[in-house]
$ cat target20.cif   # mmCIF, C-alpha atoms
data_input
#
loop_
_atom_site.label_atom_id
_atom_site.label_comp_id
_atom_site.auth_asym_id
_atom_site.auth_seq_id
_atom_site.Cartn_x
_atom_site.Cartn_y
_atom_site.Cartn_z
CA MET A 1 18.95 35.59 8.90
CA ARG A 2 21.65 37.33 6.86
CA LYS A 3 24.44 35.12 5.55
CA PRO A 4 27.71 36.14 3.83
CA LEU A 5 27.62 36.43 0.04
CA ALA A 6 30.54 34.03 -0.03
CA ALA A 7 28.33 31.40 1.51
CA LEU A 8 25.66 32.20 -1.08
CA ALA A 9 28.17 31.69 -3.88
CA LEU A 10 29.23 28.39 -2.30
CA GLY A 11 25.61 27.27 -2.25
CA LEU A 12 25.17 28.10 -5.94
CA VAL A 13 28.32 26.30 -7.00
CA VAL A 14 27.70 23.16 -5.01
CA VAL A 15 24.14 22.83 -6.30
CA ALA A 16 25.65 22.64 -9.78
CA GLY A 17 28.39 20.22 -8.86
CA ALA A 18 27.00 17.88 -6.25
CA LEU A 19 23.67 16.64 -7.53
CA PRO A 20 23.83 12.97 -8.54
CA VAL A 21 25.04 12.01 -12.00
CA PRO A 22 23.86 8.53 -12.95
CA VAL A 23 26.57 6.01 -13.75
CA ALA A 24 25.85 2.74 -15.50
CA GLY A 25 26.53 -0.45 -13.57
CA ALA A 26 26.95 -4.11 -14.42
CA ALA A 27 23.85 -6.22 -14.90
CA PRO A 28 23.27 -8.63 -12.02
CA ALA A 29 23.20 -12.37 -12.40
CA GLY A 30 20.18 -14.41 -11.39
CA SER A 31 17.01 -15.82 -12.80
CA ALA A 32 13.72 -15.63 -10.92
CA VAL A 33 12.74 -13.12 -8.26
CA PRO A 34 12.34 -15.15 -5.05
CA ALA A 35 9.37 -15.10 -2.71
CA ALA A 36 9.42 -12.64 0.18
CA ALA A 37 11.86 -13.68 2.87
CA VAL A 38 10.65 -11.69 5.87
CA ARG A 39 12.38 -13.10 8.92
CA ALA A 40 12.61 -12.44 12.62
CA PRO A 41 15.22 -9.89 13.68
CA ALA A 42 18.67 -11.31 14.35
CA ASP A 43 18.68 -9.29 17.57
CA LEU A 44 15.18 -8.52 18.86
CA ALA A 45 16.54 -6.42 21.73
CA ALA A 46 18.43 -4.21 19.26
CA THR A 47 15.31 -3.86 17.09
CA ILE A 48 13.20 -2.82 20.09
CA ALA A 49 15.86 -0.34 21.17
CA GLU A 50 16.25 1.19 17.70
CA ARG A 51 12.51 1.40 17.07
CA SER A 52 12.16 3.08 20.46
CA ARG A 53 14.82 5.63 19.53
CA PHE A 54 13.28 6.38 16.13
CA PHE A 55 9.57 6.28 16.98
CA GLY A 56 9.55 6.93 20.73
CA ALA A 57 9.63 4.24 23.41
CA GLU A 58 6.03 5.00 24.35
CA ASN A 59 4.92 3.85 20.90
CA VAL A 60 6.85 0.56 20.82
CA ASP A 61 5.81 -2.68 22.54
CA GLN A 62 8.88 -3.35 24.67
CA ARG A 63 8.33 -7.12 24.44
CA THR A 64 7.67 -7.58 20.73
CA GLY A 65 8.81 -4.37 19.01
CA ALA A 66 5.33 -3.79 17.57
CA LEU A 67 4.18 -0.28 16.61
CA PRO A 68 0.58 0.90 17.11
CA ARG A 69 -2.13 0.50 14.53
CA ASP A 70 -4.17 3.53 13.48
CA GLU A 71 -1.13 5.78 13.38
CA VAL A 72 1.47 6.92 10.84
CA HIS A 73 4.91 8.00 12.06
CA LEU A 74 7.47 9.52 9.68
CA VAL A 75 11.04 9.99 10.89
CA TRP A 76 13.48 11.88 8.66
CA VAL A 77 16.88 10.26 8.15
CA SER A 78 18.26 12.60 5.46
CA VAL A 79 17.45 13.78 1.91
CA ALA A 80 14.25 11.82 1.07
CA THR A 81 14.89 8.81 3.32
CA PHE A 82 12.27 8.29 6.01
CA ALA A 83 11.82 5.50 8.50
CA ALA A 84 8.09 5.03 8.81
CA ALA A 85 5.59 3.17 10.94
CA ILE A 86 2.54 2.79 8.71
CA ASP A 87 -0.44 1.35 10.60
CA GLY A 88 1.95 -0.88 12.56
CA HIS A 89 4.24 -1.77 9.62
CA VAL A 90 7.83 -0.52 9.72
CA VAL A 91 9.11 0.47 6.27
CA LEU A 92 11.75 2.69 4.70
CA PHE A 93 11.11 5.23 1.98
CA ASP A 94 14.47 5.31 0.18
CA ALA A 95 17.63 4.08 1.88
CA TYR A 96 20.47 6.57 2.25
CA ILE A 97 22.33 8.37 5.05
CA HIS A 98 24.22 11.64 4.55
CA LYS A 99 28.01 11.36 4.86
CA GLY A 100 27.99 7.57 5.23
CA GLU A 101 29.61 7.79 8.64
CA GLU A 102 30.05 4.62 10.68
CA GLU A 103 28.95 6.30 13.89
CA ARG A 104 26.07 8.54 14.89
CA ALA A 105 27.32 12.02 14.13
CA TYR A 106 25.86 14.60 11.70
CA VAL A 107 23.04 12.13 11.10
CA PRO A 108 22.37 10.22 14.34
CA ALA A 109 21.89 6.97 12.44
CA THR A 110 24.09 4.36 10.80
CA THR A 111 23.42 1.64 8.26
CA GLN A 112 23.34 -0.86 11.12
CA ASP A 113 20.69 1.25 12.86
CA LEU A 114 18.45 1.03 9.78
CA ILE A 115 19.06 -2.72 9.65
CA SER A 116 18.13 -2.99 13.33
CA LEU A 117 14.81 -1.25 12.62
CA HIS A 118 14.02 -4.42 10.65
CA PRO A 119 11.78 -2.88 7.97
CA GLU A 120 9.27 -5.06 6.14
CA ALA A 121 9.73 -3.16 2.89
CA ILE A 122 11.86 -0.50 1.23
CA LEU A 123 9.91 1.72 -1.17
CA LEU A 124 12.33 3.31 -3.63
CA GLY A 125 11.51 6.54 -5.39
CA HIS A 126 14.49 6.22 -7.72
CA GLY A 127 17.93 4.69 -7.81
CA HIS A 128 20.43 7.57 -7.54
CA TYR A 129 22.95 7.03 -4.77
CA ASP A 130 21.41 9.65 -2.46
CA HIS A 131 18.19 7.63 -2.50
CA GLY A 132 18.95 3.95 -2.98
CA GLN A 133 22.57 3.45 -1.92
CA LEU A 134 21.85 1.23 1.11
CA THR A 135 18.86 -0.66 -0.28
CA GLY A 136 20.65 -3.88 -1.18
CA GLN A 137 22.57 -4.09 2.06
CA ILE A 138 19.53 -3.49 4.26
CA ALA A 139 17.22 -5.79 2.28
CA ALA A 140 19.77 -8.60 2.31
CA ALA A 141 20.23 -8.31 6.07
CA THR A 142 16.54 -8.14 6.96
CA GLY A 143 14.61 -9.86 4.18
CA ALA A 144 12.77 -6.60 3.46
CA THR A 145 10.88 -6.51 0.17
CA VAL A 146 12.20 -3.96 -2.33
CA VAL A 147 9.43 -2.01 -4.07
CA GLY A 148 10.01 0.00 -7.24
CA THR A 149 10.83 -0.55 -10.89
CA ARG A 150 12.53 -3.59 -12.38
CA GLY A 151 15.74 -1.55 -12.56
CA HIS A 152 15.54 -0.63 -8.88
CA CYS A 153 15.20 -4.29 -7.94
CA GLU A 154 18.08 -5.39 -10.13
CA GLN A 155 20.37 -2.60 -8.95
CA ALA A 156 19.68 -3.43 -5.29
CA SER A 157 20.17 -7.14 -5.96
CA ALA A 158 23.47 -6.44 -7.70
CA ASP A 159 24.62 -4.36 -4.76
CA ALA A 160 23.58 -7.11 -2.34
CA GLY A 161 25.21 -9.88 -4.36
CA GLU A 162 22.00 -11.91 -4.21
CA GLN A 163 18.51 -11.87 -5.67
CA LEU A 164 16.24 -9.91 -3.36
CA ALA A 165 12.50 -10.20 -2.83
CA CYS A 166 10.84 -7.53 -4.96
CA VAL A 167 7.49 -6.05 -5.85
CA VAL A 168 8.06 -4.72 -9.36
CA ALA A 169 5.60 -1.93 -10.10
CA PHE A 170 7.00 -0.94 -13.51
CA GLU A 171 8.98 -2.68 -16.22
CA PRO A 172 11.41 -0.83 -18.53
CA GLY A 173 9.56 1.12 -21.17
CA ALA A 174 6.58 2.04 -18.97
CA SER A 175 5.09 5.42 -19.84
CA PHE A 176 5.09 8.47 -17.63
CA GLY A 177 1.77 8.59 -15.82
CA ALA A 178 1.42 4.82 -15.61
CA VAL A 179 -0.33 3.78 -12.38
CA ARG A 180 -0.16 0.42 -10.62
CA THR A 181 -1.88 -0.92 -7.53
CA ILE A 182 0.66 -2.94 -5.57
CA ASP A 183 0.22 -5.39 -2.72
CA VAL A 184 2.91 -5.01 -0.08
CA LEU A 185 1.39 -4.12 3.33
CA PRO A 186 -1.83 -5.70 4.66
CA GLY A 187 -4.54 -3.13 5.31
CA VAL A 188 -2.65 -0.42 3.40
CA CYS A 189 -3.87 0.39 -0.11
CA THR A 190 -0.71 1.24 -2.05
CA THR A 191 -0.58 2.89 -5.46
CA ALA A 192 2.56 3.60 -7.51
CA LEU A 193 2.80 6.22 -10.26
CA LEU A 194 5.69 6.60 -12.71
CA HIS A 195 6.61 10.26 -13.06
CA VAL A 196 9.57 12.43 -14.04
CA HIS A 197 12.90 12.99 -12.33
CA SER A 198 14.04 16.57 -11.85
CA ALA A 199 15.74 18.12 -14.87
CA ALA A 200 16.94 21.54 -16.00
CA GLU A 201 14.64 23.49 -18.32
CA PRO A 202 14.82 27.04 -19.75
CA PRO A 203 13.24 29.76 -17.61
CA ASP A 204 9.45 29.62 -17.55
CA PRO A 205 8.25 33.11 -18.56
CA SER A 206 4.98 32.59 -16.68
CA ARG A 207 6.61 32.57 -13.21
CA ASP A 208 8.26 35.28 -11.13
CA PRO A 209 12.01 35.11 -11.92
CA THR A 210 12.86 37.12 -8.80
CA ASN A 211 11.83 34.26 -6.50
CA PRO A 212 14.85 31.94 -6.58
CA ALA A 213 15.39 28.55 -4.98
CA VAL A 214 18.51 29.03 -2.92
CA GLY A 215 19.26 27.47 0.44
CA VAL A 216 22.57 28.51 1.92
CA PRO A 217 24.24 26.14 4.41
CA ASP A 218 25.03 27.57 7.82
CA PRO A 219 28.84 27.95 7.79
CA SER A 220 29.06 26.94 11.43
CA VAL A 221 27.41 23.59 10.64
CA VAL A 222 29.85 23.01 7.76
CA LEU A 223 32.79 23.73 10.08
CA GLN A 224 31.41 21.52 12.84
CA HIS A 225 30.60 18.66 10.44
CA PRO A 226 33.07 18.69 7.51
CA PRO A 227 32.17 16.75 4.36
CA GLY A 228 32.13 13.03 5.05
CA PRO A 229 32.84 9.88 3.04
CA GLY A 230 29.34 9.98 1.58
CA THR A 231 30.13 13.04 -0.55
CA THR A 232 30.80 11.59 -4.00
CA LEU A 233 29.98 13.14 -7.36
CA TYR A 234 30.11 9.99 -9.46
CA ALA A 235 28.67 7.50 -7.02
CA PRO A 236 26.97 4.32 -8.22
CA GLY A 237 23.28 4.43 -8.87
CA ASP A 238 21.11 4.80 -11.96
CA GLU A 239 17.72 6.47 -11.88
CA HIS A 240 15.83 3.51 -13.40
CA GLY A 241 12.61 5.50 -13.34
CA THR A 242 11.09 7.73 -10.66
CA VAL A 243 8.11 6.49 -8.67
CA LEU A 244 5.54 8.35 -6.55
CA TYR A 245 3.70 6.34 -3.89
CA GLN A 246 0.30 6.89 -2.33
CA LEU A 247 -0.56 4.82 0.75
CA ARG A 248 -4.04 4.84 2.26
CA ILE A 249 -5.34 3.55 5.59
CA GLY A 250 -9.07 4.06 6.02
CA HIS A 251 -9.70 7.70 5.05
CA PHE A 252 -6.10 8.78 5.62
CA SER A 253 -3.77 9.06 2.62
CA LEU A 254 -0.02 9.70 2.41
CA THR A 255 1.71 10.60 -0.86
CA MET A 256 5.53 10.39 -1.10
CA HIS A 257 7.82 11.48 -3.95
CA ASP A 258 11.59 11.91 -3.73
CA SER A 259 11.95 14.04 -6.88
CA SER A 260 9.84 16.75 -8.49
CA GLY A 261 10.22 16.82 -12.25
CA PRO A 262 9.40 19.45 -14.89
CA LEU A 263 6.07 17.92 -15.80
CA LYS A 264 4.99 21.10 -17.57
CA GLU A 265 7.63 20.60 -20.29
CA GLN A 266 8.22 16.85 -20.29
CA ALA A 267 5.01 15.06 -19.28
CA PRO A 268 2.04 17.42 -18.77
CA GLU A 269 -0.34 14.45 -18.95
CA VAL A 270 0.90 13.39 -15.50
CA PHE A 271 -0.87 16.37 -13.92
CA ASP A 272 -4.23 14.80 -14.79
CA VAL A 273 -3.10 11.50 -13.32
CA LEU A 274 -2.03 13.20 -10.08
CA ARG A 275 -5.41 14.90 -9.86
CA SER A 276 -7.16 11.56 -10.44
CA LEU A 277 -5.54 9.91 -7.42
CA ARG A 278 -7.47 9.59 -4.20
CA PRO A 279 -7.40 12.84 -2.20
CA THR A 280 -4.04 13.37 -0.50
CA ASP A 281 -3.99 14.30 3.17
CA VAL A 282 -0.23 14.42 3.74
CA GLN A 283 2.25 14.95 0.90
CA VAL A 284 6.00 14.54 1.38
CA GLY A 285 7.80 15.90 -1.68
CA ALA A 286 11.21 17.00 -2.94
CA LEU A 287 12.31 20.64 -3.23
CA VAL A 288 15.89 20.51 -4.55
CA SER A 289 15.89 20.03 -8.31
CA PHE A 290 18.11 20.45 -11.34
CA ASN A 291 15.48 23.00 -12.39
CA ASN A 292 15.94 25.22 -9.32
CA PRO A 293 18.46 27.66 -10.86
CA THR A 294 16.18 28.58 -13.77
CA ASN A 295 12.69 27.91 -12.41
CA GLY A 296 12.96 28.11 -8.64
CA LEU A 297 10.54 25.90 -6.73
CA ARG A 298 7.98 25.89 -9.54
CA ASP A 299 8.04 22.13 -10.07
CA ALA A 300 7.50 21.33 -6.39
CA ALA A 301 4.67 23.88 -6.26
CA MET A 302 2.99 22.33 -9.31
CA TYR A 303 3.02 18.88 -7.68
CA VAL A 304 1.42 20.42 -4.58
CA ASP A 305 -1.16 22.19 -6.71
CA ALA A 306 -2.09 18.97 -8.51
CA LEU A 307 -2.32 16.85 -5.34
CA ARG A 308 -3.91 19.53 -3.09
CA PRO A 309 -2.75 18.04 0.25
CA ASP A 310 -3.93 19.24 3.63
CA VAL A 311 -0.32 19.05 4.86
CA PHE A 312 2.85 19.41 2.79
CA VAL A 313 6.20 18.24 4.19
CA PRO A 314 9.14 19.32 2.00
CA ASN A 315 12.11 16.97 1.74
CA HIS A 316 15.36 16.80 -0.23
CA HIS A 317 16.17 20.39 0.73
CA ASP A 318 19.26 19.35 2.70
CA PHE A 319 21.36 18.65 -0.38
CA ILE A 320 23.25 21.89 -0.83
CA GLY A 321 26.87 20.88 -1.36
CA GLY A 322 25.81 17.28 -1.20
CA GLU A 323 25.34 17.20 2.56
CA TYR A 324 23.92 20.46 3.91
CA GLY A 325 20.72 22.44 3.59
CA GLY A 326 19.14 25.84 4.10
CA ALA A 327 15.52 25.19 5.03
CA ASP A 328 15.18 28.56 6.75
CA GLU A 329 15.46 30.27 3.35
CA TYR A 330 13.53 27.70 1.33
CA GLU A 331 10.56 28.18 3.64
CA GLY A 332 9.88 31.73 2.50
CA GLN A 333 10.67 30.92 -1.13
CA LEU A 334 8.17 28.05 -1.18
CA ALA A 335 5.44 30.14 0.43
CA THR A 336 5.98 32.82 -2.23
CA GLU A 337 5.96 30.25 -5.05
CA LEU A 338 2.68 28.76 -3.84
CA GLU A 339 1.00 32.17 -3.98
CA ASP A 340 0.61 31.63 -7.74
CA TYR A 341 -1.47 28.48 -7.19
CA ALA A 342 -4.79 27.61 -5.57
CA ALA A 343 -3.27 25.01 -3.25
CA ASP A 344 -2.86 26.27 0.32
CA PRO A 345 -1.51 23.41 2.44
CA GLU A 346 -0.24 23.53 5.97
CA LEU A 347 3.57 23.59 5.57
CA ARG A 348 5.67 21.49 7.92
CA PHE A 349 9.34 22.14 7.25
CA LEU A 350 12.08 19.91 8.58
CA TYR A 351 15.43 21.46 9.52
CA ASP A 352 18.74 19.70 9.14
CA PRO A 353 20.50 18.43 11.08
CA VAL A 354 18.35 18.99 14.19
CA ASP A 355 15.33 17.10 12.81
CA TYR A 356 17.24 14.00 11.69
CA VAL A 357 15.96 10.94 13.58
CA ARG A 358 13.62 13.04 15.70
CA PRO A 359 10.50 11.13 16.76
CA GLY A 360 7.08 12.65 17.21
CA ILE A 361 7.20 15.63 14.86
CA LEU A 362 5.40 13.84 12.00
CA ARG A 363 2.81 11.67 13.72
CA PHE A 364 -0.69 11.29 12.31
CA ASP A 365 -3.80 9.62 13.73
CA VAL A 366 -5.40 7.95 10.71
CA ASN A 367 -8.83 8.15 12.38
CA ALA A 368 -8.71 11.91 12.96
CA PRO A 369 -11.88 13.66 11.69
CA ARG A 370 -9.86 16.07 9.52
CA TRP A 371 -9.05 13.26 7.06
CA VAL A 372 -12.65 12.13 6.54
CA ASP A 373 -14.18 13.01 3.19
CA ASP A 374 -16.58 11.56 0.63
CA GLU A 375 -14.15 8.98 -0.76
CA VAL A 376 -14.52 5.24 -0.24
CA PRO A 377 -11.98 4.42 2.49
CA CYS A 378 -9.30 1.78 2.12
CA ALA A 379 -10.53 -1.43 3.74
CA ARG A 380 -8.64 -2.18 6.94
CA ALA A 381 -6.84 -5.47 7.48
CA ALA A 382 -8.84 -8.22 9.18
CA GLY A 383 -8.36 -8.26 12.94
CA ALA A 384 -7.13 -4.68 13.09
CA SER A 385 -6.38 -3.55 16.61
CA ARG A 386 -4.29 -0.99 18.40
CA ALA A 387 -1.36 -3.40 18.54
CA GLY A 388 0.70 -3.83 15.40
CA SER A 389 2.54 -6.89 14.17
CA PRO A 390 5.55 -8.11 16.13
CA ALA A 391 8.94 -7.35 14.62
CA GLY A 392 9.54 -9.83 11.84
CA GLY A 393 5.83 -10.26 11.09
CA SER A 394 4.85 -11.06 7.51
CA ALA A 395 4.71 -8.23 5.03
CA GLY A 396 1.84 -10.09 3.47
CA GLY A 397 2.62 -8.82 -0.02
CA SER A 398 2.83 -10.62 -3.29
CA THR A 399 6.12 -10.63 -5.15
CA ALA A 400 6.88 -10.52 -8.81
CA ALA A 401 8.05 -13.88 -10.12
CA ALA A 402 9.13 -12.83 -13.59
CA PRO A 403 12.67 -13.72 -14.62
CA ALA A 404 15.35 -11.13 -14.06
CA VAL A 405 16.39 -9.25 -17.16
CA ALA A 406 19.45 -7.25 -18.15
CA LYS A 407 19.84 -3.89 -16.46
CA VAL A 408 18.12 -1.51 -18.91
CA PRO A 409 17.53 2.07 -17.78
CA LEU A 410 14.25 3.77 -18.59
CA ALA A 411 14.27 6.62 -21.05
CA ALA A 412 16.26 9.66 -19.97
CA THR A 413 14.11 12.26 -18.22
CA GLY A 414 16.30 15.34 -18.55
CA THR A 415 17.80 17.50 -21.26
CA GLY A 416 20.93 18.13 -19.23
CA GLN A 417 21.99 17.43 -15.68
CA LEU A 418 24.81 19.94 -15.25
CA LEU A 419 24.06 23.61 -14.77
CA THR A 420 25.83 26.13 -16.97
CA GLY A 421 28.03 28.87 -15.63
CA ALA A 422 25.80 31.43 -17.32
CA GLY A 423 22.79 30.10 -15.45
CA LEU A 424 24.61 30.37 -12.14
CA VAL A 425 25.68 33.93 -12.85
CA LEU A 426 22.10 34.83 -13.75
CA LEU A 427 20.75 33.25 -10.59
CA ALA A 428 23.40 34.90 -8.41
CA THR A 429 22.48 38.28 -9.90
CA VAL A 430 18.77 37.74 -9.29
CA VAL A 431 19.36 36.65 -5.70
CA LEU A 432 21.63 39.59 -4.99
CA LEU A 433 19.13 42.09 -6.42
CA ARG A 434 16.29 40.47 -4.50
CA ARG A 435 18.21 40.59 -1.25
CA ARG A 436 19.16 44.23 -1.77
CA ALA A 437 15.55 45.09 -2.55
CA ARG A 438 14.51 43.49 0.75
CA GLY A 439 17.31 45.29 2.57
CA VAL A 440 18.87 41.97 3.62
#
$ encode --input "target20.cif" --output "structure tokens"
Amino acid sequence: MRKPLAALALGLVVVAGALPVPVAGAAPAGSAVPAAAVRAPADLAATIAERSRFFGAENVDQRTGALPRDEVHLVWVSVATFAAAIDGHVVLFDAYIHKGEEERAYVPATTQDLISLHPEAILLGHGHYDHGQLTGQIAAATGATVVGTRGHCEQASADAGEQLACVVAFEPGASFGAVRTIDVLPGVCTTALLHVHSAAEPPDPSRDPTNPAVGVPDPSVVLQHPPGPGTTLYAPGDEHGTVLYQLRIGHFSLTMHDSSGPLKEQAPEVFDVLRSLRPTDVQVGALVSFNNPTNGLRDAAMYVDALRPDVFVPNHHDFIGGEYGGADEYEGQLATELEDYAADPELRFLYDPVDYVRPGILRFDVNAPRWVDDEVPCARAAGASRAGSPAGGSAGGSTAAAPAVAKVPLAATGTGQLLTGAGLVLLATVVLLRRRARGV
């Protein structure tokens, strides 16, 4: 669909100015990381109602709030935040809501709604505000276990004003490509891999420079939903390392990453590690990157090529101007980018804001024949049945008991986080020429 060039220019400018810039925060007080404090919901009726709204009432036990075993449900909240039902366990991947509104509006979810879901765990990809902003508040209210790096745990604890239960996968100084097996959900084999946050790099001469990564917000959506209180350039939140998660149930495997970094330039050894993971059936990965203006969707495509999923679900493509996206344009750009690679996944795009908190569109039967291969399956939890655990059931995971340490960020992963005016002019020229060539 043709959009005004003014809107295109707006999209280019806001990509440069609205991506998160890490800001250092004070180190939290505290000593030892406490044991997991999973507790029953403060309001079981509210938890049942909210789980029914997110996952579909037909999938929720209306007496206990339990979700079915043998299924994976992913519900998009915004950016890379997903509410998930993983083999009966309710978890969050990241914890952020666009605009930060106190009522259901552009995103039909509030912080209280995520608290009412009563997640067992929050798996953080990294700590920038558009990924981890609500982690401390939600974990403190629910007893959810925070999973991530030491820095993620300490940042969330500082935000909460108390020491939270944590599974620390990586300490400061861990190397890119480090892999850890973590114990957080019974019957779910969980692996964490430390990789690279998105960063700007010079143009890669090996890729097609005429295939940009530009998603232009629909002006009507911007007018209907003006920027909200969540739009902040220098919001709290340090990266503290970027973590990819792979979760397996039986033969089914789900891989999640909320950033796609320039591995080719900064950590090419990680490609071999990605290829060494168990086969990925469903990959949910980030599109928007600091590298988009110079290298398009190359980095996202290279992650897909290394993981070779059956299904790829793009995320983090709704961050144009901080709060809007252009998935209808990214869809064609990603398909073109993937033509240079052997990977050929089924693409399942999500469209903001209509797909926020929309149940049923990402639902997977873990026993479906399409996931079965030659790998050794993840052993299921004892007593597995179609009924999941009641709301407030134990997460069953071990927690790290090492003393808390000062807030020390991991090594910087980018050579520069702000895009230059010259780069924007170059990209605008390329896009304009490409559009004219297509007769758009």
$ resolve_selection --input "target20.cif" --expression "the PyMOL selection byres ((chain A and resi 85) around 7)" --output "PyMOL selection string"
chain A and resi 67+72-74+84+86-91
$ resolve_selection --input "target20.cif" --expression "the PyMOL selection byres ((chain A and resi 247) around 7)" --output "list in words"
Val188, Cys189, Thr190, Thr191, Tyr245, Gln246, Arg248, Ile249, Ser253, Leu254 and Thr255 of chain A
$ atom_distance --input "target20.cif" --atom1 "CA of Val304 in chain A" --atom2 "CA of Leu287 in chain A"
11.0 Å
$ closest_atom_pairs --input "target20.cif" --of "range 221-309 of chain A" --to "range 168-184 of chain A" --cutoff "9 Å" --atoms "all atoms listed in the file" --output "CSV"
residue,atom,partner,partner_atom,distance
A:His240,CA,A:Pro172,CA,8.0
A:Gly241,CA,A:Pro172,CA,8.3
A:Val243,CA,A:Ala169,CA,8.9
A:Ala267,CA,A:Phe176,CA,6.8
A:Glu269,CA,A:Gly177,CA,7.0
A:Val270,CA,A:Gly177,CA,4.9
A:Phe271,CA,A:Gly177,CA,8.4
A:Asp272,CA,A:Gly177,CA,8.7
A:Val273,CA,A:Gly177,CA,6.2
A:Leu274,CA,A:Gly177,CA,8.3
$ write_last_selection --input "target20.cif" --atoms "C-alpha atoms" --output "compact mmCIF listing (two decimals), keeping the file's coordinate frame"
# COMPACT_ATOMS: atom_id res chain seq x y z
CA HIS A 240 15.83 3.51 -13.40
CA GLY A 241 12.61 5.50 -13.34
CA VAL A 243 8.11 6.49 -8.67
CA ALA A 267 5.01 15.06 -19.28
CA GLU A 269 -0.34 14.45 -18.95
CA VAL A 270 0.90 13.39 -15.50
CA PHE A 271 -0.87 16.37 -13.92
CA ASP A 272 -4.23 14.80 -14.79
CA VAL A 273 -3.10 11.50 -13.32
CA LEU A 274 -2.03 13.20 -10.08
$ closest_residue --input "target20.cif" --among "A:Pro41, A:Pro119, A:Gly151, A:Gly143" --to "Asp238 in chain A" --atoms "all atoms listed in the file"
A:Gly151
$ resolve_selection --input "target20.cif" --expression "the PyMOL selection byres ((chain A and resi 113) around 10)" --output "ChimeraX atom specification"
/A:46-47,49-51,53-54,103-104,108-112,114-118,138
$ write_last_selection --input "target20.cif" --atoms "C-alpha atoms" --output "mmCIF file, keeping the file's coordinate frame"
data_model
loop_
_atom_site.group_PDB
_atom_site.id
_atom_site.type_symbol
_atom_site.label_atom_id
_atom_site.label_comp_id
_atom_site.auth_asym_id
_atom_site.auth_seq_id
_atom_site.Cartn_x
_atom_site.Cartn_y
_atom_site.Cartn_z
ATOM 1 C CA ALA A 46 18.430 -4.210 19.260
ATOM 2 C CA THR A 47 15.310 -3.860 17.090
ATOM 3 C CA ALA A 49 15.860 -0.340 21.170
ATOM 4 C CA GLU A 50 16.250 1.190 17.700
ATOM 5 C CA ARG A 51 12.510 1.400 17.070
ATOM 6 C CA ARG A 53 14.820 5.630 19.530
ATOM 7 C CA PHE A 54 13.280 6.380 16.130
ATOM 8 C CA GLU A 103 28.950 6.300 13.890
ATOM 9 C CA ARG A 104 26.070 8.540 14.890
ATOM 10 C CA PRO A 108 22.370 10.220 14.340
ATOM 11 C CA ALA A 109 21.890 6.970 12.440
ATOM 12 C CA THR A 110 24.090 4.360 10.800
ATOM 13 C CA THR A 111 23.420 1.640 8.260
ATOM 14 C CA GLN A 112 23.340 -0.860 11.120
ATOM 15 C CA LEU A 114 18.450 1.030 9.780
ATOM 16 C CA ILE A 115 19.060 -2.720 9.650
ATOM 17 C CA SER A 116 18.130 -2.990 13.330
ATOM 18 C CA LEU A 117 14.810 -1.250 12.620
ATOM 19 C CA HIS A 118 14.020 -4.420 10.650
ATOM 20 C CA ILE A 138 19.530 -3.490 4.260
#
$ atom_distance --input "target20.cif" --atom1 "CA of Met256 in chain A" --atom2 "CA of His98 in chain A"
19.6 Å
$ atom_distance --input "target20.cif" --atom1 "CA of Tyr129 in chain A" --atom2 "CA of Gly237 in chain A"
4.9 Å
$ residues_around --input "target20.cif" --residues "Ser206 in chain A" --least-positions-apart "6" --cutoff "12 Å" --atoms "all atoms listed in the file" --output "list in words"
Lys264, Asn295, Arg298, Glu337 and Asp340 of chain A
$ closest_residue --input "target20.cif" --among "A:Pro345, A:Gly100, A:Gly250, A:Gly360" --to "Asp373 in chain A" --atoms "all atoms listed in the file"
A:Gly250
$ closest_residue --input "target20.cif" --among "A:Pro309, A:Gly261, A:Pro219, A:Pro212" --to "Phe290 in chain A" --atoms "all atoms listed in the file"
A:Gly261
$ closest_residue --input "target20.cif" --among "A:Leu307, A:Glu331, A:Asp299, A:Thr294" --to "His197 in chain A" --atoms "only C-alpha atoms"
A:Asp299
